[in-house]
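Below is the file model.txt, which contains compact mmCIF, C-alpha atoms.
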# COMPACT_ATOMS: atom_id res chain seq x y z
CA MET C 277 64.58 -69.04 132.85
CA GLY C 278 63.17 -71.48 135.39
CA TYR C 279 60.42 -69.16 136.60
CA MET C 280 59.62 -68.17 133.03
CA VAL C 281 59.26 -71.79 131.88
CA ILE C 282 56.91 -72.60 134.76
CA CYS C 283 54.79 -69.49 134.13
CA VAL C 284 54.65 -70.00 130.35
CA PHE C 285 53.64 -73.65 130.71
CA LEU C 286 50.87 -72.92 133.20
CA PHE C 287 49.67 -69.88 131.24
CA ILE C 288 49.40 -71.69 127.89
CA VAL C 289 47.83 -74.86 129.27
CA GLY C 290 45.46 -72.97 131.58
CA LEU C 291 44.41 -70.66 128.76
CA PHE C 292 43.43 -73.53 126.47
CA ILE C 293 41.79 -75.66 129.15
CA TRP C 294 39.79 -73.02 131.02
CA ALA C 295 39.64 -69.74 129.09
CA ILE C 296 39.60 -70.01 125.28
CA PRO C 297 36.06 -70.85 124.12
CA GLY C 298 35.16 -72.93 121.10
CA THR C 299 38.11 -75.35 121.26
CA ASP C 300 38.21 -79.08 121.85
CA PHE C 301 40.42 -78.47 124.89
CA ASN C 302 37.98 -76.32 126.90
CA LEU C 303 36.81 -78.53 129.78
CA ILE C 304 33.85 -76.36 130.79
CA GLN C 305 32.33 -76.23 127.31
CA ASN C 306 32.99 -79.88 126.56
CA GLY C 307 31.36 -80.93 129.83
CA SER C 308 33.85 -83.77 130.21
CA ALA C 309 35.23 -84.56 133.66
CA SER C 310 38.70 -85.56 132.49
CA LEU C 311 42.15 -84.07 132.09
CA ASP C 312 42.72 -85.42 128.58
CA SER C 313 43.20 -81.87 127.32
CA LEU C 314 46.13 -81.35 129.69
CA PHE C 315 47.88 -84.53 128.61
CA ILE C 316 47.36 -83.75 124.91
CA LEU C 317 48.63 -80.17 125.19
CA ALA C 318 51.50 -80.68 127.66
CA PRO C 319 53.84 -82.67 125.34
CA TRP C 320 53.61 -79.99 122.64
CA VAL C 321 54.26 -77.19 125.12
CA PHE C 322 57.18 -79.08 126.66
CA LEU C 323 58.50 -79.74 123.16
CA PHE C 324 59.50 -76.06 123.09
CA LEU C 325 60.06 -75.32 126.78
CA ILE C 326 62.37 -78.19 127.67
CA PRO C 327 64.91 -77.32 124.93
CA ALA C 328 64.77 -73.76 126.29
CA VAL C 329 65.65 -75.08 129.76
CA THR C 330 68.47 -77.37 128.63
CA MET C 331 70.05 -75.23 125.90
CA ARG C 332 72.44 -73.51 128.36
CA MET C 333 73.45 -76.56 130.36
CA PHE C 334 76.70 -77.22 128.49
CA THR C 335 76.79 -74.50 125.83
CA GLU C 336 77.37 -71.82 128.45
CA GLU C 337 80.05 -73.93 130.15
CA GLN C 338 81.85 -74.42 126.84
CA ARG C 339 81.50 -70.80 125.72
CA SER C 340 82.83 -69.36 128.97
CA GLY C 341 85.53 -72.00 129.41
CA THR C 342 84.27 -73.18 132.80
CA ILE C 343 83.85 -76.70 131.39
CA GLU C 344 87.62 -77.15 131.71
CA THR C 345 87.48 -76.14 135.37
CA LEU C 346 84.60 -78.55 135.88
CA PHE C 347 86.69 -81.41 134.48
CA THR C 348 89.39 -80.74 137.09
CA ARG C 349 86.99 -81.45 139.94
CA PRO C 350 87.01 -84.91 141.59
CA ILE C 351 83.83 -85.96 139.79
CA THR C 352 83.28 -88.10 136.71
CA GLU C 353 81.71 -87.05 133.42
CA LEU C 354 78.69 -89.21 134.21
CA GLN C 355 78.17 -87.42 137.52
CA ILE C 356 78.34 -84.07 135.73
CA VAL C 357 75.76 -85.16 133.16
CA LEU C 358 73.45 -86.65 135.80
CA ALA C 359 73.66 -83.45 137.85
CA LYS C 360 72.69 -81.35 134.82
CA PHE C 361 69.96 -83.83 133.91
CA GLY C 362 68.62 -83.93 137.47
CA ALA C 363 68.51 -80.15 137.79
CA SER C 364 66.64 -79.81 134.50
CA ILE C 365 64.09 -82.55 135.15
CA ILE C 366 63.35 -81.26 138.66
CA LEU C 367 62.64 -77.81 137.24
CA VAL C 368 60.32 -79.27 134.61
CA LEU C 369 58.49 -81.43 137.15
CA ILE C 370 57.96 -78.43 139.44
CA SER C 371 55.92 -76.87 136.64
CA LEU C 372 53.55 -79.86 136.83
CA VAL C 373 52.85 -79.49 140.55
CA PRO C 374 50.35 -76.59 140.19
CA THR C 375 48.30 -78.68 137.73
CA VAL C 376 47.11 -80.67 140.76
CA ILE C 377 44.65 -77.76 141.07
CA TYR C 378 43.20 -78.85 137.71
CA PHE C 379 42.75 -82.37 139.07
CA ILE C 380 40.98 -81.09 142.19
CA SER C 381 38.78 -78.80 140.09
CA VAL C 382 37.71 -81.59 137.74
CA TYR C 383 37.15 -83.89 140.71
CA ARG C 384 34.81 -81.34 142.32
CA LEU C 385 33.06 -80.39 139.06
CA ALA C 386 32.24 -84.00 138.12
CA SER C 387 28.67 -85.17 138.51
CA PRO C 388 28.49 -86.83 140.95
CA VAL C 389 31.55 -85.43 142.73
CA GLY C 390 34.55 -87.68 142.26
CA ASN C 391 33.17 -89.41 139.16
CA ILE C 392 36.48 -89.36 137.27
CA ASP C 393 39.02 -91.94 136.17
CA VAL C 394 41.58 -91.35 138.92
CA ALA C 395 43.77 -94.31 137.88
CA GLY C 396 43.80 -93.10 134.27
CA ILE C 397 44.82 -89.58 135.34
CA LEU C 398 47.61 -90.88 137.59
CA GLY C 399 48.86 -93.07 134.73
CA SER C 400 48.80 -90.05 132.43
CA TYR C 401 50.85 -88.04 134.92
CA LEU C 402 53.38 -90.86 135.11
CA GLY C 403 53.56 -90.98 131.31
CA LEU C 404 54.10 -87.22 131.20
CA VAL C 405 56.93 -87.49 133.75
CA PHE C 406 58.64 -90.14 131.60
CA LEU C 407 58.12 -88.04 128.47
CA CYS C 408 59.71 -85.02 130.17
CA SER C 409 62.62 -87.22 131.20
CA GLY C 410 63.18 -88.27 127.58
CA PHE C 411 62.94 -84.70 126.27
CA THR C 412 65.34 -83.50 128.98
CA ALA C 413 67.95 -86.15 128.16
CA ILE C 414 67.73 -85.21 124.47
CA GLY C 415 68.08 -81.52 125.34
CA ILE C 416 71.15 -82.14 127.52
CA PHE C 417 72.75 -84.10 124.67
CA ALA C 418 72.07 -81.31 122.16
CA SER C 419 73.57 -78.80 124.58
CA SER C 420 76.83 -80.78 124.71
CA LEU C 421 77.26 -80.64 120.93
CA THR C 422 77.67 -76.89 120.43
CA GLN C 423 78.71 -73.62 122.06
CA ASN C 424 75.75 -71.74 120.55
CA GLN C 425 72.54 -71.68 122.61
CA ILE C 426 70.28 -71.08 119.59
CA ILE C 427 71.75 -74.03 117.72
CA SER C 428 71.41 -76.14 120.87
CA PHE C 429 67.75 -75.12 121.21
CA LEU C 430 66.92 -75.85 117.55
CA LEU C 431 68.76 -79.16 117.57
CA ALA C 432 66.98 -80.29 120.75
CA LEU C 433 63.66 -79.14 119.31
CA LEU C 434 64.17 -81.13 116.10
CA LEU C 435 65.31 -84.26 117.94
CA CYS C 436 62.43 -84.10 120.42
CA PHE C 437 59.93 -83.56 117.60
CA PHE C 438 61.36 -86.45 115.60
CA PHE C 439 61.22 -88.84 118.53
CA TYR C 440 57.74 -87.67 119.54
CA ASN C 441 56.08 -87.48 116.13
CA GLY C 442 58.62 -88.39 113.44
CA PHE C 443 58.78 -92.13 114.05
CA GLU C 444 54.99 -92.23 114.28
CA ALA C 445 54.76 -90.49 110.89
CA LEU C 446 57.22 -92.97 109.36
CA SER C 447 55.08 -95.86 110.62
CA THR C 448 52.19 -94.65 108.41
CA PHE C 449 54.19 -95.11 105.19
CA GLN C 450 53.49 -98.01 102.87
CA LEU C 451 56.09 -100.32 104.36
CA SER C 452 56.06 -103.89 105.56
CA LEU C 453 54.19 -104.48 108.80
CA PRO C 454 57.30 -105.38 110.88
CA VAL C 455 59.04 -102.18 109.74
CA ARG C 456 56.00 -100.05 110.57
CA ASN C 457 55.72 -101.68 113.98
CA LEU C 458 59.43 -101.03 114.55
CA PHE C 459 59.09 -97.32 113.70
CA SER C 460 56.05 -97.04 115.95
CA ALA C 461 57.88 -98.76 118.81
CA LEU C 462 60.88 -96.41 118.47
CA GLY C 463 58.72 -93.29 118.80
CA ILE C 464 57.63 -91.63 122.02
CA SER C 465 54.06 -91.02 120.90
CA SER C 466 52.78 -94.62 120.97
CA HIS C 467 54.28 -95.32 124.40
CA TYR C 468 53.01 -92.04 125.83
CA SER C 469 49.53 -92.64 124.41
CA SER C 470 49.47 -96.08 126.00
CA MET C 471 50.36 -94.69 129.43
CA SER C 472 47.89 -91.82 128.99
CA ARG C 473 45.10 -94.38 128.94
CA GLY C 474 46.17 -95.47 132.41
CA VAL C 475 47.85 -98.63 131.16
CA ILE C 476 51.23 -99.02 132.89
CA ASP C 477 52.96 -101.49 130.59
CA THR C 478 56.48 -102.64 131.46
CA ARG C 479 57.50 -102.19 127.82
CA ASP C 480 56.58 -98.49 127.94
CA VAL C 481 58.46 -97.92 131.19
CA VAL C 482 61.55 -99.74 129.86
CA TYR C 483 61.37 -97.69 126.65
CA PHE C 484 61.40 -94.33 128.45
CA ILE C 485 64.15 -95.38 130.85
CA SER C 486 66.21 -96.68 127.93
CA LEU C 487 65.65 -93.50 125.91
CA SER C 488 66.79 -91.27 128.77
CA ALA C 489 69.78 -93.51 129.57
CA PHE C 490 70.79 -93.65 125.91
CA PHE C 491 71.04 -89.87 125.56
CA VAL C 492 72.65 -89.46 128.99
CA PHE C 493 75.43 -91.85 127.98
CA LEU C 494 75.72 -90.19 124.56
CA THR C 495 76.28 -86.91 126.39
CA LYS C 496 78.86 -88.56 128.65
CA PHE C 497 80.65 -89.95 125.61
CA ASN C 498 80.62 -86.54 123.93
CA LEU C 499 82.21 -84.94 127.02
CA GLU C 500 84.86 -87.64 127.25
CA ARG C 501 85.68 -87.06 123.57
CA ARG C 502 86.94 -83.59 124.46
CA LYS C 503 89.87 -85.18 126.29
CA TRP C 504 91.05 -87.20 123.30
Conversion result in structure tokens:
Amino acid sequence: MGYMVICVFLFIVGLFIWAIPGTDFNLIQNGSASLDSLFILAPWVFLFLIPAVTMRMFTEEQRSGTIETLFTRPITELQIVLAKFGASIILVLISLVPTVIYFISVYRLASPVGNIDVAGILGSYLGLVFLCSGFTAIGIFASSLTQNQIISFLLALLLCFFFYNGFEALSTFQLSLPVRNLFSALGISSHYSSMSRGVIDTRDVVYFISLSAFFVFLTKFNLERRKW
């Protein structure tokens, strides 16, 4: 699954950025020395791939009964969740490493060479790392709710989509300004967009850390509930 996720991510993103003509994502045709296409496409690709990575984390343990053996080990529920979370996020981040080739390519293709917004690209990478962390925490939580991998995948997909785009959609409704601002602030999209512009705002960093921590502790609570 790990190798497949990495290959699928690189294949889809590379296809849109370098190969498919006539799209807004094709860097060569657009003549733009930026990686905006990567940071627009990546969240939507990860929206499907990260639930595929996390769907087995606890469902397989529960289905096979090994979760009970795991609970007998001298480790806490939080350590179990953090281990699963860490393994998943490391796998996802490994898939981003080969995209450094895209950065080098754009750097060399720019006219003059090096005429790109390096700070903006680094900020976008950081935003993407935080986004992957949030998606992974949501996926781990969904995996702890069921013994069925398909249900886990679909639940994680729906939750990730809602947090990425759902709150942003709610903020466009004809509501009072404070309510719209609240919905926008609760969604991933506005915070990710801010970081994608190279603006590292403390509020965005705190949001992503809080989102990941919230679902990690929800997963911990769900595991502890099995002992009641």
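Proximity to Ala318 (chain C) at 10 Å, evaluated using all atoms listed in the file and with sequence-adjacent residues fewer than 2 positions away removed, yields C:Phe285, C:Leu286, C:Ile288, C:Val289, C:Ser313, C:Leu314, C:Phe315, C:Ile316, C:Trp320, C:Val321, C:Phe322, C:Leu323, C:Leu372, C:Leu404, C:Leu407, C:Cys408.
Among the candidates C:Met277, C:Leu303, C:Ala413, C:Leu346, the one nearest to Leu487 (chain C) when counting all atoms listed in the file is C:Ala413.
Distances to Pro319 (chain C) were evaluated for C:Asn306, C:Thr478, C:Ser409, C:Thr342 using all atoms listed in the file, and the minimum falls at C:Ser409.
Among the candidates C:Ile366, C:Leu398, C:Val357, C:Leu446, the residue lying nearest to Val475 (chain C) is C:Leu398 (atoms considered: all atoms listed in the file).
The space between CA of Ile427 (chain C) and CA of Thr335 (chain C) spans 9.6 Å.
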Residues near region 496-498 of chain C, cut-off 10 Å, only C-alpha atoms, skip fewer than 3 positions along chain, as a list in words:
Thr352, Glu353, Leu354, Gln355, Ile356, Val357, Leu358, Phe417, Ser420, Leu421, Phe490, Phe491, Val492, Phe493, Arg501, Arg502 and Lys503 of chain C
Taken to one decimal, the CA of Gly396 (chain C)-CA of Ala461 (chain C) distance is 21.7 Å
Find the residues around Ser310 (chain C) up to 12 Å (all atoms listed in the file counted), leave out those fewer than 3 positions away in its own chain, and share them as a PyMOL selection string.
chain C and resi 293+301-304+306-307+313-316+378-387+390-398+400+472-473
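Shortest atom-to-atom contact with Thr448 (chain C) among C:Ser460, C:Tyr279, C:Asp300, C:Trp294: C:Ser460, counting only C-alpha atoms.
Taking CA of Gly278 (chain C) and CA of Ile326 (chain C) as endpoints, the distance between them is 10.3 Å.
Comparing the minimum interatomic distances between Ser466 (chain C) and each of C:Ala359, C:Leu499, C:Ala432, C:Ala445, counting all atoms listed in the file, we find that C:Ala445 sits nearest.
For the choices C:Gly362, C:Ala295, C:Val376, C:Leu367, the atom-to-atom distance to Val281 (chain C) is smallest for C:Leu367 when using all atoms listed in the file.
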Polymer residues at most 9 Å from Ser447 (chain C), only C-alpha atoms, same-chain spacing of 3 or more positions, as a PyMOL selection string
chain C and resi 442-444+450-451+453+455-460
Pull the neighbourhood of (78.0, -72.4, 122.4) for me: all residues within 9 Å in file coordinates, counting only C-alpha atoms, as a count of residues only.
18
